[in-house]
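To start, the structure under review is shown below, and the notes come after it.
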Amino acid sequence: MIPQAAPPLRIARFRREIDGAVARVLSGPSYILGEAVAAFEDAFAAGAGGSPQGSHCVGVASGTDALALALRGLGVGPGDEVLLPALTFAGTAQAVLHCGASPVLVEIDARTRCIDPHAAAAAVGPRTAAIVPVHLFGHPADMPALMAVAARHRLAVVEDCAQSHGATLGGKRLGTFGHAAAYSFYPTKNLGGVGDGGAVVTADPSLAARLRGLRHYGFEDRARVSGRIGFNSRLDEIQAAILLALLPHLAQANAERRAIAARYRDLLGGTELGLPPEDEGAVYHQFAVTAADRDGLRERLAGRGIGTAVHYAPGLHRHPAFAEGARTPLPVTDALAAHLLSLPIQPEVAGGQVARIAGAIRECLACGG
Ligand SMILES: Cc1ncc(COP(=O)(O)O)c(C=O)c1O
């Protein structure tokens, strides 16, 4: 069986370095907000994993918390509306609810599969406070157009980079266009730990300082005095040590993902499948094709020992928690939710298997699935 993804294979590949990193944490001196978190934050902010030199990184407990704390830190709260794409992981919208704000679900662009800037502009209303573009599957949203909409209406922009560690657009790193960027280190991510973790990256030092308080009971400076609302949402010391060990390998892993994607393109070109957009700076968190009979193809591939996944169905407007946020019909979102299929792309899983997977797909398509 070829699984769609298998984080333990990635951990096994770097096991020696990871074991050393964990052992150093176990020896102390500190298990919470210690040396490993500080070192990881410095390295991530220095550009290794997806942020420009000189920016600030604040490690938090998850990608969902990274989004919620970034929005709170930018002043988003009750009564505000936040625009986000209708096709994304539920956590993006949950983060908006965590701030007491309302998610407004925006149609996506059929090419990028990310939020459509024209639809975003049309969705701006008197209560709109922020936009959260998601760089879905490691492909860039149209950030120049979205930043223009945000500037016109004075909106905060938090980039959801949970799937785009190290990706670029026009040579510029994703996560550096908006006011802040939120990362997830969930085990399947391009940079993933062995548990939950997240981070906010921002060029704004005062936002970074607010975030350090928000993640740690609202404490200000070293005095353990709560200046404002705060949470317990810290990046764990062991996760930070593991992420720090994996960070130097991120660029190579992303290059491997790009190579696998190029091979899929060669081998699946000319079939009836819709292929992902050809973005030079994409990091292929997923290689998601569209198929007319997606569920039939999925079943036939499973019968041939090939795992696939569906990201994401249904669209967020069909989740009871977010349904109120749908202000317009969302036909592009519905169509993609019905037809997208994610093939194996994790290098430790798909490397060396692309010809077999593509061959099986061609056979399945030929026999009607
Ligand atoms: C696009 C997107 N946003 C947000 C999240 C939430 O991250 P986490 O699971 O770390 O809370 C994820 C992934 O899980 C995601 O893929």
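Every chain in the structure tokens has a letter given in the order shown (A, B, ...), and although residue numbers restart at 1 in each chain, ligands are simply numbered from 1 in the order shown.
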
Near Pro347 in chain A, counting only C-alpha atoms, which residues have an atom at most 8 Å away, once you skip same-chain residues fewer than 6 positions from it, shown as a ChimeraX atom specification?
/A:253,256-257,260

Determine, counting only C-alpha atoms, which protein, DNA and RNA residues have an atom within 7 Å of an atom of Gly325 in chain A; residues of the same chain fewer than 5 positions away are not included. Present the result as a PyMOL selection string.
chain A and resi 103-105+317

Kindly provide, as number ranges by chain, all nucleotide and amino acid residues lying within 6 Å of ligand 1, counting only C-alpha atoms and all ligand atoms.
A: 62-64, 88-89, 91-92, 134, 160, 162-163, 184-186, 196-198

For the residues selected in the previous step, produce a file with N, CA and C atoms as a PDB file, in the first residue's frame.
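Dumped everything to again-v6.pdb:
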ATOM      1  N   SER A  62      -0.379  25.945  17.973  1.00  0.00           N
ATOM      2  CA  SER A  62      -0.920  25.314  16.759  1.00  0.00           C
ATOM      3  C   SER A  62      -1.072  26.364  15.673  1.00  0.00           C
ATOM      4  N   GLY A  63      -1.378  25.899  14.467  1.00  0.00           N
ATOM      5  CA  GLY A  63      -1.638  26.832  13.375  1.00  0.00           C
ATOM      6  C   GLY A  63      -2.934  27.603  13.602  1.00  0.00           C
ATOM      7  N   THR A  64      -3.932  26.937  14.176  1.00  0.00           N
ATOM      8  CA  THR A  64      -5.196  27.616  14.469  1.00  0.00           C
ATOM      9  C   THR A  64      -4.959  28.750  15.461  1.00  0.00           C
ATOM     10  N   THR A  88     -10.965  25.810   2.313  1.00  0.00           N
ATOM     11  CA  THR A  88      -9.756  25.706   3.133  1.00  0.00           C
ATOM     12  C   THR A  88     -10.066  24.747   4.270  1.00  0.00           C
ATOM     13  N   PHE A  89      -9.058  24.483   5.088  1.00  0.00           N
ATOM     14  CA  PHE A  89      -9.259  23.661   6.272  1.00  0.00           C
ATOM     15  C   PHE A  89     -10.102  24.445   7.283  1.00  0.00           C
ATOM     16  N   GLY A  91      -9.874  24.948  10.314  1.00  0.00           N
ATOM     17  CA  GLY A  91      -9.148  25.730  11.317  1.00  0.00           C
ATOM     18  C   GLY A  91      -9.038  27.202  10.962  1.00  0.00           C
ATOM     19  N   THR A  92      -8.965  27.513   9.676  1.00  0.00           N
ATOM     20  CA  THR A  92      -8.857  28.921   9.265  1.00  0.00           C
ATOM     21  C   THR A  92     -10.066  29.701   9.768  1.00  0.00           C
ATOM     22  N   VAL A 134      -5.412  32.122   2.126  1.00  0.00           N
ATOM     23  CA  VAL A 134      -4.781  30.824   2.405  1.00  0.00           C
ATOM     24  C   VAL A 134      -4.005  30.412   1.158  1.00  0.00           C
ATOM     25  N   ASP A 160      -2.436  32.824   5.765  1.00  0.00           N
ATOM     26  CA  ASP A 160      -2.440  31.472   6.313  1.00  0.00           C
ATOM     27  C   ASP A 160      -1.414  30.658   5.522  1.00  0.00           C
ATOM     28  N   ALA A 162      -0.064  27.805   6.535  1.00  0.00           N
ATOM     29  CA  ALA A 162       0.002  26.452   7.095  1.00  0.00           C
ATOM     30  C   ALA A 162       0.471  25.428   6.070  1.00  0.00           C
ATOM     31  N   GLN A 163       0.255  25.734   4.775  1.00  0.00           N
ATOM     32  CA  GLN A 163       0.609  24.765   3.725  1.00  0.00           C
ATOM     33  C   GLN A 163       1.695  25.307   2.798  1.00  0.00           C
ATOM     34  N   SER A 184       1.482  26.440  10.578  1.00  0.00           N
ATOM     35  CA  SER A 184       1.170  25.241  11.355  1.00  0.00           C
ATOM     36  C   SER A 184       2.329  24.265  11.188  1.00  0.00           C
ATOM     37  N   PHE A 185       2.639  23.563  12.264  1.00  0.00           N
ATOM     38  CA  PHE A 185       3.666  22.499  12.179  1.00  0.00           C
ATOM     39  C   PHE A 185       3.059  21.129  12.461  1.00  0.00           C
ATOM     40  N   TYR A 186       1.770  21.006  12.145  1.00  0.00           N
ATOM     41  CA  TYR A 186       1.068  19.710  12.219  1.00  0.00           C
ATOM     42  C   TYR A 186       1.922  18.674  11.466  1.00  0.00           C
ATOM     43  N   ASP A 196       1.400  18.922  17.879  1.00  0.00           N
ATOM     44  CA  ASP A 196       0.910  20.225  17.425  1.00  0.00           C
ATOM     45  C   ASP A 196       1.957  21.315  17.619  1.00  0.00           C
ATOM     46  N   GLY A 197       1.879  22.321  16.782  1.00  0.00           N
ATOM     47  CA  GLY A 197       2.755  23.484  16.923  1.00  0.00           C
ATOM     48  C   GLY A 197       2.393  24.509  15.878  1.00  0.00           C
ATOM     49  N   GLY A 198       2.760  25.744  16.115  1.00  0.00           N
ATOM     50  CA  GLY A 198       2.494  26.802  15.149  1.00  0.00           C
ATOM     51  C   GLY A 198       3.373  28.001  15.425  1.00  0.00           C
TER      52      GLY A 198
END

Long-range neighbours of Glu159 in chain A as a list in words, 6 Å cut-off, only C-alpha atoms, 3 positions minimum in chain
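The contact residues come out as Val132, Pro133, Gly175 and Ala181 of chain A.
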
Rounded to one decimal place, report the CA of Ala70 in chain A-CA of Val200 in chain A distance in Å.
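Answer for the CA of Ala70 in chain A to CA of Val200 in chain A separation: 6.7 Å.
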
Excluding Arg10 in chain A and any residue of its chain fewer than 4 positions from it, enumerate the residues within 8 Å of it, using only C-alpha atoms, and give them as a list in words.
Ala6, Phe14 and Glu348 of chain A

Output file for the residues above (C-alpha atoms, as a compact mmCIF listing (two decimals), in the first residue's frame):
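selection_6.txt was written with the following content:
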# COMPACT_ATOMS: atom_id res chain seq x y z
CA ALA A 6 3.08 9.08 6.24
CA PHE A 14 15.99 12.38 10.17
CA GLU A 348 9.40 9.72 1.53

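With only C-alpha atoms as the atoms that count, the residue of A:Ala21, A:Val106, A:Val201, A:Leu246 with the shortest distance to His118 in chain A is A:Val106.
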
Which neighbours of Leu301 in chain A fall inside 9 Å, counting only C-alpha atoms, when residues of the same chain fewer than 3 positions from it are skipped, and could you give them as an MDAnalysis selection string?
chainID A and resid 296:298 304:308 357 360:361 364 369

Using the selection just defined, write its residues with all heavy atoms as a short mmCIF file (atom, residue, chain, number, x, y, z; two decimals), in the first residue's frame.
data_model
loop_
_atom_site.label_atom_id
_atom_site.label_comp_id
_atom_site.auth_asym_id
_atom_site.auth_seq_id
_atom_site.Cartn_x
_atom_site.Cartn_y
_atom_site.Cartn_z
N GLY A 296 -15.08 7.66 -7.68
CA GLY A 296 -14.84 6.38 -8.36
C GLY A 296 -13.35 6.14 -8.56
O GLY A 296 -12.83 5.04 -8.33
N LEU A 297 -12.64 7.19 -8.99
CA LEU A 297 -11.19 7.07 -9.19
C LEU A 297 -10.50 6.74 -7.87
O LEU A 297 -9.62 5.87 -7.80
CB LEU A 297 -10.64 8.39 -9.78
CG LEU A 297 -9.13 8.48 -9.96
CD1 LEU A 297 -8.61 7.38 -10.89
CD2 LEU A 297 -8.74 9.87 -10.52
N ARG A 298 -10.94 7.39 -6.83
CA ARG A 298 -10.35 7.17 -5.50
C ARG A 298 -10.50 5.71 -5.07
O ARG A 298 -9.55 5.08 -4.58
CB ARG A 298 -11.08 8.10 -4.53
CG ARG A 298 -10.41 8.19 -3.25
CD ARG A 298 -10.82 9.31 -2.36
NE ARG A 298 -9.89 9.25 -1.28
CZ ARG A 298 -10.21 9.32 -0.01
NH1 ARG A 298 -11.44 9.56 0.35
NH2 ARG A 298 -9.28 9.18 0.92
N ARG A 304 -6.02 -0.66 -5.99
CA ARG A 304 -4.69 -0.95 -6.52
C ARG A 304 -3.60 -0.60 -5.50
O ARG A 304 -2.42 -0.49 -5.85
CB ARG A 304 -4.45 -0.17 -7.81
CG ARG A 304 -5.22 -0.74 -9.01
CD ARG A 304 -5.16 0.25 -10.17
NE ARG A 304 -5.54 -0.37 -11.43
CZ ARG A 304 -6.80 -0.63 -11.80
NH1 ARG A 304 -7.79 -0.35 -10.99
NH2 ARG A 304 -7.05 -1.18 -12.98
N GLY A 305 -4.00 -0.32 -4.25
CA GLY A 305 -3.02 -0.09 -3.20
C GLY A 305 -2.46 1.32 -3.17
O GLY A 305 -1.34 1.55 -2.69
N ILE A 306 -3.23 2.28 -3.69
CA ILE A 306 -2.74 3.66 -3.71
C ILE A 306 -3.68 4.56 -2.93
O ILE A 306 -4.86 4.70 -3.28
CB ILE A 306 -2.56 4.16 -5.16
CG1 ILE A 306 -1.45 3.33 -5.81
CG2 ILE A 306 -2.22 5.65 -5.20
CD1 ILE A 306 -1.37 3.46 -7.29
N GLY A 307 -3.15 5.16 -1.87
CA GLY A 307 -3.95 6.03 -1.02
C GLY A 307 -4.04 7.43 -1.60
O GLY A 307 -3.09 7.94 -2.18
N THR A 308 -5.20 8.05 -1.45
CA THR A 308 -5.41 9.43 -1.87
C THR A 308 -6.21 10.11 -0.75
O THR A 308 -6.62 9.46 0.19
CB THR A 308 -6.22 9.51 -3.18
OG1 THR A 308 -7.45 8.82 -2.97
CG2 THR A 308 -5.46 8.89 -4.35
N ILE A 357 2.17 5.14 -9.61
CA ILE A 357 0.90 5.82 -9.28
C ILE A 357 0.25 6.34 -10.57
O ILE A 357 -0.95 6.13 -10.81
CB ILE A 357 1.15 6.98 -8.29
CG1 ILE A 357 1.68 6.42 -6.96
CG2 ILE A 357 -0.13 7.79 -8.07
CD1 ILE A 357 2.24 7.47 -6.01
N ALA A 360 -1.22 3.58 -12.64
CA ALA A 360 -2.48 3.09 -12.07
C ALA A 360 -3.61 4.07 -12.39
O ALA A 360 -4.74 3.66 -12.70
CB ALA A 360 -2.33 2.91 -10.57
N ILE A 361 -3.30 5.36 -12.33
CA ILE A 361 -4.34 6.36 -12.63
C ILE A 361 -4.79 6.21 -14.08
O ILE A 361 -5.99 6.21 -14.38
CB ILE A 361 -3.81 7.79 -12.35
CG1 ILE A 361 -3.63 7.99 -10.84
CG2 ILE A 361 -4.74 8.85 -12.94
CD1 ILE A 361 -2.95 9.29 -10.46
N CYS A 364 -7.02 3.28 -14.39
CA CYS A 364 -8.34 3.53 -13.79
C CYS A 364 -9.18 4.42 -14.70
O CYS A 364 -10.39 4.18 -14.87
CB CYS A 364 -8.20 4.20 -12.44
SG CYS A 364 -7.52 3.13 -11.17
N GLY A 369 -12.93 5.03 -14.25
CA GLY A 369 -12.96 5.60 -12.90
C GLY A 369 -12.07 6.78 -12.79
O GLY A 369 -11.65 7.13 -11.74
#

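For the pair CA of Leu136 in chain A and CA of Val283 in chain A, the separation is 10.2 Å.
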
Can you list, as a PyMOL selection string, all residues belonging to range 102-316 of chain A that DSSP tags as helix (DSSP H, G or I)?
chain A and resi 117-123+136-138+143-153+205-214+237-268+294-303+316

Write a file of the just-selected residues containing C-alpha atoms, as an mmCIF file, in the first residue's frame.
data_model
loop_
_atom_site.group_PDB
_atom_site.id
_atom_site.type_symbol
_atom_site.label_atom_id
_atom_site.label_comp_id
_atom_site.auth_asym_id
_atom_site.auth_seq_id
_atom_site.Cartn_x
_atom_site.Cartn_y
_atom_site.Cartn_z
ATOM 1 C CA PRO A 117 -9.388 39.012 -5.095
ATOM 2 C CA HIS A 118 -12.385 40.335 -7.069
ATOM 3 C CA ALA A 119 -14.789 38.364 -4.895
ATOM 4 C CA ALA A 120 -12.906 39.569 -1.813
ATOM 5 C CA ALA A 121 -13.283 43.204 -2.919
ATOM 6 C CA ALA A 122 -17.002 42.656 -3.492
ATOM 7 C CA ALA A 123 -17.395 41.103 -0.021
ATOM 8 C CA LEU A 136 -3.788 26.386 -0.463
ATOM 9 C CA PHE A 137 -1.745 23.261 -1.253
ATOM 10 C CA GLY A 138 1.445 25.384 -1.214
ATOM 11 C CA MET A 143 -1.132 38.668 -2.884
ATOM 12 C CA PRO A 144 -0.496 41.869 -4.882
ATOM 13 C CA ALA A 145 -4.203 42.101 -5.784
ATOM 14 C CA LEU A 146 -5.295 41.212 -2.250
ATOM 15 C CA MET A 147 -2.937 43.739 -0.662
ATOM 16 C CA ALA A 148 -4.391 46.399 -2.972
ATOM 17 C CA VAL A 149 -7.921 45.544 -1.767
ATOM 18 C CA ALA A 150 -6.685 45.644 1.847
ATOM 19 C CA ALA A 151 -4.964 48.996 1.377
ATOM 20 C CA ARG A 152 -8.064 50.509 -0.240
ATOM 21 C CA HIS A 153 -10.218 49.511 2.741
ATOM 22 C CA PRO A 205 8.000 44.398 16.484
ATOM 23 C CA SER A 206 5.083 45.757 18.518
ATOM 24 C CA LEU A 207 2.753 43.059 17.140
ATOM 25 C CA ALA A 208 5.393 40.446 18.018
ATOM 26 C CA ALA A 209 5.550 41.796 21.584
ATOM 27 C CA ARG A 210 1.743 41.656 21.902
ATOM 28 C CA LEU A 211 1.797 38.072 20.627
ATOM 29 C CA ARG A 212 4.396 37.068 23.222
ATOM 30 C CA GLY A 213 1.966 38.305 25.867
ATOM 31 C CA LEU A 214 -1.078 36.706 24.262
ATOM 32 C CA GLU A 237 10.032 22.920 23.849
ATOM 33 C CA ILE A 238 10.318 19.356 22.465
ATOM 34 C CA GLN A 239 8.429 20.268 19.283
ATOM 35 C CA ALA A 240 10.648 23.326 18.867
ATOM 36 C CA ALA A 241 13.790 21.181 19.198
ATOM 37 C CA ILE A 242 12.490 18.750 16.570
ATOM 38 C CA LEU A 243 11.462 21.560 14.206
ATOM 39 C CA LEU A 244 14.873 23.160 14.622
ATOM 40 C CA ALA A 245 16.495 19.852 13.611
ATOM 41 C CA LEU A 246 14.199 19.549 10.556
ATOM 42 C CA LEU A 247 14.418 23.173 9.424
ATOM 43 C CA PRO A 248 17.749 22.842 7.540
ATOM 44 C CA HIS A 249 16.152 20.089 5.413
ATOM 45 C CA LEU A 250 13.029 22.059 4.427
ATOM 46 C CA ALA A 251 14.435 23.553 1.223
ATOM 47 C CA GLN A 252 15.578 20.120 0.010
ATOM 48 C CA ALA A 253 12.224 18.558 0.883
ATOM 49 C CA ASN A 254 10.420 21.322 -1.029
ATOM 50 C CA ALA A 255 12.712 20.745 -4.028
ATOM 51 C CA GLU A 256 11.849 17.043 -3.900
ATOM 52 C CA ARG A 257 8.130 17.893 -3.827
ATOM 53 C CA ARG A 258 8.590 20.119 -6.901
ATOM 54 C CA ALA A 259 10.418 17.337 -8.728
ATOM 55 C CA ILE A 260 7.656 14.840 -7.929
ATOM 56 C CA ALA A 261 5.051 17.355 -9.119
ATOM 57 C CA ALA A 262 6.943 17.857 -12.406
ATOM 58 C CA ARG A 263 7.036 14.097 -12.930
ATOM 59 C CA TYR A 264 3.290 13.801 -12.286
ATOM 60 C CA ARG A 265 2.738 16.551 -14.859
ATOM 61 C CA ASP A 266 4.782 14.650 -17.451
ATOM 62 C CA LEU A 267 3.032 11.368 -16.806
ATOM 63 C CA LEU A 268 -0.524 12.655 -16.381
ATOM 64 C CA ARG A 294 -13.362 11.701 -8.215
ATOM 65 C CA ASP A 295 -14.895 9.207 -5.814
ATOM 66 C CA GLY A 296 -14.838 6.383 -8.363
ATOM 67 C CA LEU A 297 -11.189 7.071 -9.193
ATOM 68 C CA ARG A 298 -10.345 7.172 -5.504
ATOM 69 C CA GLU A 299 -11.974 3.813 -4.902
ATOM 70 C CA ARG A 300 -10.264 2.176 -7.878
ATOM 71 C CA LEU A 301 -6.872 3.521 -6.798
ATOM 72 C CA ALA A 302 -7.435 2.192 -3.285
ATOM 73 C CA GLY A 303 -8.131 -1.192 -4.887
ATOM 74 C CA LEU A 316 -16.837 25.758 4.599
#

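Using only C-alpha atoms, the nearest neighbour of Glu41 in chain A within the list A:Asp236, A:Asp334, A:Glu324, A:Glu278 is A:Asp236.
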
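The space separating CA of Glu220 in chain A from CA of Gly28 in chain A comes to 24.6 Å.
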